[in-house]
$ cat coords_3.txt   # compact mmCIF, C-alpha atoms
# COMPACT_ATOMS: atom_id res chain seq x y z
CA MET A 1 86.28 117.25 88.67
CA THR A 2 83.15 119.45 88.55
CA ALA A 3 82.95 123.03 89.75
CA GLY A 4 80.95 121.77 92.72
CA ASP A 5 83.65 119.28 93.63
CA ARG A 6 86.32 121.97 93.40
CA ALA A 7 84.29 124.29 95.59
CA SER A 8 83.71 121.55 98.14
CA ARG A 9 87.41 120.76 98.27
CA GLY A 10 88.25 124.44 98.55
CA ALA A 11 85.85 124.77 101.48
CA ARG A 12 87.46 121.81 103.23
CA GLN A 13 90.90 123.31 102.75
CA ALA A 14 89.81 126.72 103.99
CA SER A 15 88.26 125.28 107.15
CA ARG A 16 91.32 123.29 108.22
CA ASP A 17 94.68 124.29 109.63
CA PRO A 18 97.41 124.96 107.06
CA LEU A 19 98.99 121.79 105.75
CA SER A 20 102.49 121.08 107.05
CA ARG A 21 105.37 118.89 105.93
CA GLU A 22 105.06 116.83 109.14
CA GLN A 23 101.37 116.17 108.50
CA ILE A 24 102.12 114.94 105.00
CA ILE A 25 104.89 112.60 106.15
CA ASP A 26 102.71 111.20 108.95
CA ALA A 27 99.83 110.69 106.53
CA ALA A 28 102.10 108.98 103.99
CA LEU A 29 103.44 106.63 106.66
CA ALA A 30 99.94 105.70 107.76
CA PHE A 31 98.89 105.28 104.11
CA VAL A 32 101.76 102.87 103.36
CA ASP A 33 101.19 100.96 106.61
CA GLU A 34 97.57 100.39 105.65
CA ARG A 35 97.67 99.99 101.87
CA GLY A 36 101.25 99.22 100.89
CA LEU A 37 103.90 100.98 98.84
CA ASP A 38 102.37 100.27 95.45
CA ALA A 39 99.19 102.11 96.37
CA LEU A 40 100.99 105.32 97.34
CA THR A 41 100.87 108.06 94.72
CA MET A 42 100.98 111.79 95.23
CA ARG A 43 97.45 112.03 93.83
CA ALA A 44 96.10 109.31 96.15
CA LEU A 45 97.73 110.88 99.20
CA ALA A 46 96.46 114.33 98.24
CA GLN A 47 92.96 112.93 97.97
CA GLU A 48 93.36 111.34 101.40
CA LEU A 49 94.34 114.73 102.84
CA GLY A 50 91.70 116.65 100.92
CA VAL A 51 94.20 118.84 99.07
CA TYR A 52 95.57 119.21 95.56
CA PRO A 53 98.74 117.27 94.63
CA THR A 54 100.58 120.54 94.08
CA ALA A 55 100.31 121.20 97.82
CA LEU A 56 102.27 118.02 98.50
CA TYR A 57 104.99 118.88 95.99
CA TRP A 58 105.31 122.30 97.59
CA HIS A 59 105.94 120.87 101.06
CA VAL A 60 107.84 117.62 100.43
CA GLY A 61 109.13 117.73 96.86
CA THR A 62 108.99 114.66 94.67
CA LYS A 63 107.58 111.26 95.57
CA ALA A 64 111.15 109.99 95.98
CA GLN A 65 111.85 112.74 98.51
CA LEU A 66 108.60 111.96 100.31
CA LEU A 67 109.46 108.25 100.55
CA SER A 68 112.92 109.09 101.83
CA ALA A 69 111.42 111.30 104.52
CA VAL A 70 108.87 108.62 105.43
CA SER A 71 111.65 106.02 105.73
CA ALA A 72 113.64 108.36 107.95
CA ARG A 73 110.54 108.87 110.12
CA ILE A 74 110.84 105.21 111.11
CA PHE A 75 114.18 105.91 112.74
CA GLU A 76 112.73 108.76 114.76
CA GLU A 77 110.97 106.03 116.72
CA VAL A 78 114.36 104.71 117.85
CA ALA A 79 115.04 105.98 121.38
CA LEU A 80 118.67 105.52 122.36
CA PRO A 81 120.72 106.55 125.41
CA GLY A 82 123.55 109.04 125.15
CA ALA A 83 126.83 107.86 123.66
CA GLY A 84 128.54 107.63 127.07
CA GLU A 85 125.70 106.01 128.98
CA LEU A 86 126.47 102.47 127.77
CA PRO A 87 129.63 100.66 126.66
CA TRP A 88 130.08 101.12 122.91
CA ASP A 89 129.29 97.49 122.08
CA ALA A 90 126.09 97.48 124.15
CA TRP A 91 125.04 100.80 122.56
CA LEU A 92 125.55 99.51 119.03
CA ALA A 93 123.68 96.28 119.77
CA MET A 94 120.78 98.27 121.23
CA MET A 95 120.75 100.55 118.19
CA ALA A 96 120.64 97.58 115.80
CA ARG A 97 117.81 95.87 117.66
CA GLN A 98 115.75 99.02 117.97
CA CYS A 99 116.19 99.89 114.29
CA ARG A 100 115.04 96.40 113.35
CA ALA A 101 112.07 96.65 115.71
CA ALA A 102 111.09 100.02 114.23
CA ILE A 103 111.11 98.63 110.69
CA HIS A 104 109.10 95.62 111.86
CA ARG A 105 106.42 98.07 112.98
CA HIS A 106 106.25 99.36 109.39
CA PRO A 107 107.02 96.27 107.29
CA ASN A 108 105.60 97.70 104.07
CA LEU A 109 108.50 100.15 104.01
CA ALA A 110 111.18 97.48 104.33
CA PRO A 111 111.77 97.21 100.55
CA ILE A 112 112.90 100.84 100.31
CA VAL A 113 114.63 101.24 103.67
CA GLY A 114 117.50 99.08 102.54
CA SER A 115 117.31 99.24 98.77
CA HIS A 116 116.73 102.93 97.88
CA LEU A 117 119.38 105.60 98.16
CA VAL A 118 118.12 108.37 100.43
CA VAL A 119 117.57 111.79 98.88
CA THR A 120 117.17 113.84 102.05
CA THR A 121 119.27 114.34 105.19
CA THR A 122 116.46 113.52 107.61
CA ALA A 123 118.20 110.44 109.03
CA ILE A 124 121.56 112.17 109.51
CA PRO A 125 121.13 112.52 113.32
CA LEU A 126 121.24 108.72 113.64
CA VAL A 127 124.34 108.59 111.44
CA GLU A 128 126.02 111.19 113.66
CA ARG A 129 125.27 109.27 116.84
CA VAL A 130 126.63 106.00 115.45
CA ILE A 131 129.86 107.70 114.37
CA VAL A 132 130.27 109.29 117.79
CA VAL A 133 129.99 105.86 119.44
CA LEU A 134 132.43 104.30 116.98
CA GLU A 135 134.93 107.08 117.64
CA GLY A 136 134.47 106.55 121.37
CA ALA A 137 135.35 102.89 120.84
CA GLY A 138 138.67 103.96 119.34
CA LEU A 139 137.89 103.65 115.63
CA ALA A 140 139.14 106.19 113.12
CA GLY A 141 139.84 106.61 109.41
CA GLU A 142 138.97 103.82 107.01
CA GLU A 143 138.47 101.36 109.85
CA LEU A 144 135.66 103.54 111.20
CA LEU A 145 134.14 103.73 107.71
CA HIS A 146 134.23 99.97 107.20
CA VAL A 147 132.78 99.19 110.61
CA TYR A 148 130.02 101.78 110.10
CA ASN A 149 129.11 100.31 106.70
CA SER A 150 129.20 96.77 108.08
CA LEU A 151 126.86 97.66 110.92
CA ILE A 152 124.32 99.72 108.96
CA GLY A 153 124.49 97.39 105.97
CA PHE A 154 123.85 94.43 108.24
CA VAL A 155 120.83 95.98 109.96
CA LEU A 156 119.13 97.37 106.86
CA GLY A 157 120.06 94.45 104.63
CA TRP A 158 118.93 91.89 107.17
CA VAL A 159 115.53 93.46 107.73
CA THR A 160 114.97 93.98 104.01
CA LEU A 161 115.49 90.26 103.43
CA GLU A 162 113.70 89.16 106.59
CA LEU A 163 110.54 91.09 105.71
CA SER A 164 110.45 89.99 102.08
CA ILE A 165 106.92 89.87 100.73
CA GLU A 166 105.35 86.65 99.55
CA PRO A 167 105.00 86.26 95.75
CA ALA A 168 101.81 87.97 94.66
CA ASP A 169 101.26 85.74 91.63
CA ALA A 170 102.04 82.40 93.27
CA GLU A 171 99.43 79.71 93.01
CA GLU A 172 97.46 78.68 96.05
CA GLY A 173 99.27 76.00 98.01
CA TRP A 174 102.73 77.08 96.87
CA LYS A 175 104.06 76.91 100.42
CA ASP A 176 103.12 73.25 100.79
CA ASP A 177 104.61 72.49 97.37
CA PHE A 178 107.88 74.23 98.23
CA ALA A 179 108.10 72.44 101.58
CA ARG A 180 107.56 69.08 99.88
CA GLN A 181 110.22 69.86 97.26
CA LEU A 182 112.74 70.74 99.96
CA ARG A 183 112.09 67.60 101.94
CA SER A 184 112.36 65.41 98.85
CA LEU A 185 115.79 66.70 97.77
CA ASP A 186 118.33 64.10 96.72
CA GLU A 187 120.54 63.25 99.70
CA VAL A 188 123.44 62.41 97.38
CA ALA A 189 123.30 65.70 95.49
CA PHE A 190 122.65 67.84 98.57
CA PRO A 191 124.06 65.94 101.56
CA ALA A 192 124.73 68.95 103.81
CA LEU A 193 121.34 70.55 103.23
CA THR A 194 119.35 67.37 103.66
CA ARG A 195 121.36 66.51 106.78
CA ASN A 196 120.34 69.87 108.29
CA MET A 197 116.87 70.15 106.78
CA SER A 198 115.10 70.04 110.14
CA LEU A 199 116.98 73.23 111.05
CA MET A 200 116.86 74.95 107.68
CA ALA A 201 113.27 74.37 106.55
CA ASN A 202 111.31 77.62 106.96
CA ASN A 203 114.00 79.00 109.25
CA ALA A 204 116.70 80.19 106.86
CA PHE A 205 117.06 82.57 103.94
CA MET A 206 116.31 80.78 100.64
CA THR A 207 114.80 77.74 102.39
CA ARG A 208 111.82 79.42 104.06
CA TRP A 209 108.29 79.97 102.83
CA ASP A 210 107.00 82.30 105.57
CA SER A 211 108.09 85.94 105.55
CA GLY A 212 109.60 87.45 108.67
CA ARG A 213 106.39 89.44 108.90
CA ALA A 214 104.70 86.28 110.11
CA LYS A 215 107.75 84.45 111.44
CA PRO A 216 110.49 86.82 112.66
CA MET A 217 114.05 85.51 112.63
CA ASP A 218 114.88 86.83 116.09
CA ARG A 219 117.45 84.28 117.23
CA SER A 220 119.38 84.36 113.97
CA PHE A 221 119.44 88.16 114.05
CA ASP A 222 120.82 88.16 117.59
CA ALA A 223 123.44 85.58 116.64
CA ALA A 224 124.55 87.56 113.58
CA LEU A 225 124.67 90.79 115.56
CA ASP A 226 126.77 89.13 118.25
CA LEU A 227 129.22 87.87 115.62
CA LEU A 228 129.50 91.36 114.14
CA VAL A 229 130.11 93.07 117.47
CA ARG A 230 132.62 90.41 118.53
CA GLY A 231 134.47 90.96 115.27
CA VAL A 232 134.72 94.70 115.92
CA ARG A 233 135.84 94.05 119.48
CA ALA A 234 138.55 91.66 118.27
CA SER A 235 139.82 94.17 115.70
CA LEU A 236 140.17 96.80 118.45
CA ARG A 237 142.35 94.46 120.48
$ encode --input "coords_3.txt" --output "structure tokens"
Amino acid sequence: MTAGDRASRGARQASRDPLSREQIIDAALAFVDERGLDALTMRALAQELGVYPTALYWHVGTKAQLLSAVSARIFEEVALPGAGELPWDAWLAMMARQCRAAIHRHPNLAPIVGSHLVVTTTAIPLVERVIVVLEGAGLAGEELLHVYNSLIGFVLGWVTLELSIEPADAEEGWKDDFARQLRSLDEVAFPALTRNMSLMANNAFMTRWDSGRAKPMDRSFDAALDLLVRGVRASLR
């Protein structure tokens, strides 16, 4: 960078409001939405904001901490009623659907929402609210822990799989090839799958070629959520 470039950047920084942590997180979210996770670097984001990378590290810490905060920002979009305003099962179902919808609005973040351990406490308010509802349902001790893990693991794991990205290095026409391979499977070797192929083809994990980004798995999600909630309800009885 030349002295002129540095002076120009310094002038831009001096003329703008002081950079804040919230601005950085918002900018990172918009950056990932537009360009994808792989494109996000601290240097690229700093250039987008017209600041030096050190300014980002000062406000948000490492890139891992930034990504954790950006992931948690998704859940700030989830608007839920108070714990006592709905029956516990209706509240949990609403929470699950709204969390999934929020991640669908930012599909490029799906790979880290469910697969990276968080390194900040930004999402703790949601954790607190879920625990309050589970306690209100009568759960305690290890049972509460297991139900909490089942619920959160289901939501985050489901959406991570549902929004899987298509293979970047696949040859053109791979979808048609895969569909043909599925429909030509040996009925003797795979009797159950071939018998149900009209249901399974492009509608089920491991037998689909369209990502949930283009073809959301809404009905299957609702069915799985209903099974989970019914299981919790049965255990309470």
$ closest_residue --input "coords_3.txt" --among "A:Ser20, A:Thr207, A:Thr121, A:Gln98" --to "Ala69 (chain A)" --atoms "all atoms listed in the file"
A:Thr121
$ closest_residue --input "coords_3.txt" --among "A:Ile103, A:Ala93, A:His59, A:Gly50" --to "Leu29 (chain A)" --atoms "only C-alpha atoms"
A:Ile103
$ closest_atom_pairs --input "coords_3.txt" --of "region 2-102 of chain A" --to "region 154-173 of chain A" --cutoff "9 Å" --atoms "only C-alpha atoms" --output "CSV"
residue,atom,partner,partner_atom,distance
A:Ala96,CA,A:Val155,CA,6.1
A:Arg97,CA,A:Val155,CA,8.3
A:Cys99,CA,A:Val155,CA,7.5
A:Arg100,CA,A:Val159,CA,6.4
$ write_last_selection --input "coords_3.txt" --atoms "C-alpha atoms" --output "CSV table (one decimal), keeping the file's coordinate frame"
chain,number,residue,atom,x,y,z
A,96,ALA,CA,120.6,97.6,115.8
A,97,ARG,CA,117.8,95.9,117.7
A,99,CYS,CA,116.2,99.9,114.3
A,100,ARG,CA,115.0,96.4,113.4
$ atom_distance --input "coords_3.txt" --atom1 "CA of Asn149 (chain A)" --atom2 "CA of Ser211 (chain A)"
25.5 Å
$ atom_distance --input "coords_3.txt" --atom1 "CA of Ala83 (chain A)" --atom2 "CA of Arg230 (chain A)"
19.1 Å
$ atom_distance --input "coords_3.txt" --atom1 "CA of Lys63 (chain A)" --atom2 "CA of Phe75 (chain A)"
19.2 Å
$ residues_around --input "coords_3.txt" --residues "Pro81 (chain A)" --least-positions-apart "5" --cutoff "12 Å" --atoms "all atoms listed in the file" --output "ChimeraX atom specification"
/A:86-88,90-92,94-95,98,126,129-130,133
$ closest_residue --input "coords_3.txt" --among "A:Leu151, A:Ala189, A:Ala179, A:Ala28" --to "Ile74 (chain A)" --atoms "only C-alpha atoms"
A:Ala28
$ build_atoms --input "coords_3.txt" --residues "region 125-144 of chain A" --atoms "N, CA and C atoms" --output "short mmCIF file (atom, residue, chain, number, x, y, z; two decimals), in the frame of the given file"
data_model
loop_
_atom_site.label_atom_id
_atom_site.label_comp_id
_atom_site.auth_asym_id
_atom_site.auth_seq_id
_atom_site.Cartn_x
_atom_site.Cartn_y
_atom_site.Cartn_z
N PRO A 125 120.87 112.59 111.87
CA PRO A 125 121.13 112.52 113.32
C PRO A 125 121.51 111.12 113.80
N LEU A 126 120.88 110.09 113.25
CA LEU A 126 121.24 108.72 113.64
C LEU A 126 122.66 108.39 113.17
N VAL A 127 122.99 108.81 111.96
CA VAL A 127 124.34 108.59 111.44
C VAL A 127 125.36 109.24 112.36
N GLU A 128 125.10 110.47 112.77
CA GLU A 128 126.02 111.19 113.66
C GLU A 128 126.22 110.44 114.96
N ARG A 129 125.16 109.94 115.55
CA ARG A 129 125.27 109.27 116.84
C ARG A 129 126.07 107.98 116.72
N VAL A 130 125.87 107.24 115.64
CA VAL A 130 126.63 106.00 115.45
C VAL A 130 128.12 106.31 115.32
N ILE A 131 128.45 107.34 114.55
CA ILE A 131 129.86 107.70 114.37
C ILE A 131 130.49 108.12 115.69
N VAL A 132 129.75 108.88 116.49
CA VAL A 132 130.27 109.29 117.79
C VAL A 132 130.61 108.07 118.64
N VAL A 133 129.74 107.07 118.64
CA VAL A 133 129.99 105.86 119.44
C VAL A 133 131.19 105.09 118.89
N LEU A 134 131.29 105.00 117.57
CA LEU A 134 132.43 104.30 116.98
C LEU A 134 133.74 105.01 117.31
N GLU A 135 133.73 106.34 117.25
CA GLU A 135 134.93 107.08 117.64
C GLU A 135 135.27 106.84 119.11
N GLY A 136 134.24 106.79 119.95
CA GLY A 136 134.47 106.55 121.37
C GLY A 136 135.05 105.17 121.62
N ALA A 137 134.78 104.23 120.71
CA ALA A 137 135.35 102.89 120.84
C ALA A 137 136.80 102.84 120.40
N GLY A 138 137.28 103.92 119.78
CA GLY A 138 138.67 103.96 119.34
C GLY A 138 138.86 103.78 117.85
N LEU A 139 137.77 103.82 117.08
CA LEU A 139 137.89 103.65 115.63
C LEU A 139 138.11 105.00 114.95
N ALA A 140 138.87 104.97 113.87
CA ALA A 140 139.14 106.19 113.12
C ALA A 140 139.49 105.82 111.69
N GLY A 141 139.43 106.81 110.80
CA GLY A 141 139.84 106.61 109.41
C GLY A 141 139.02 105.55 108.70
N GLU A 142 139.68 104.81 107.82
CA GLU A 142 138.97 103.82 107.01
C GLU A 142 138.37 102.70 107.87
N GLU A 143 139.03 102.39 108.98
CA GLU A 143 138.47 101.36 109.85
C GLU A 143 137.10 101.77 110.37
N LEU A 144 136.96 103.03 110.75
CA LEU A 144 135.66 103.54 111.20
C LEU A 144 134.65 103.41 110.07
#
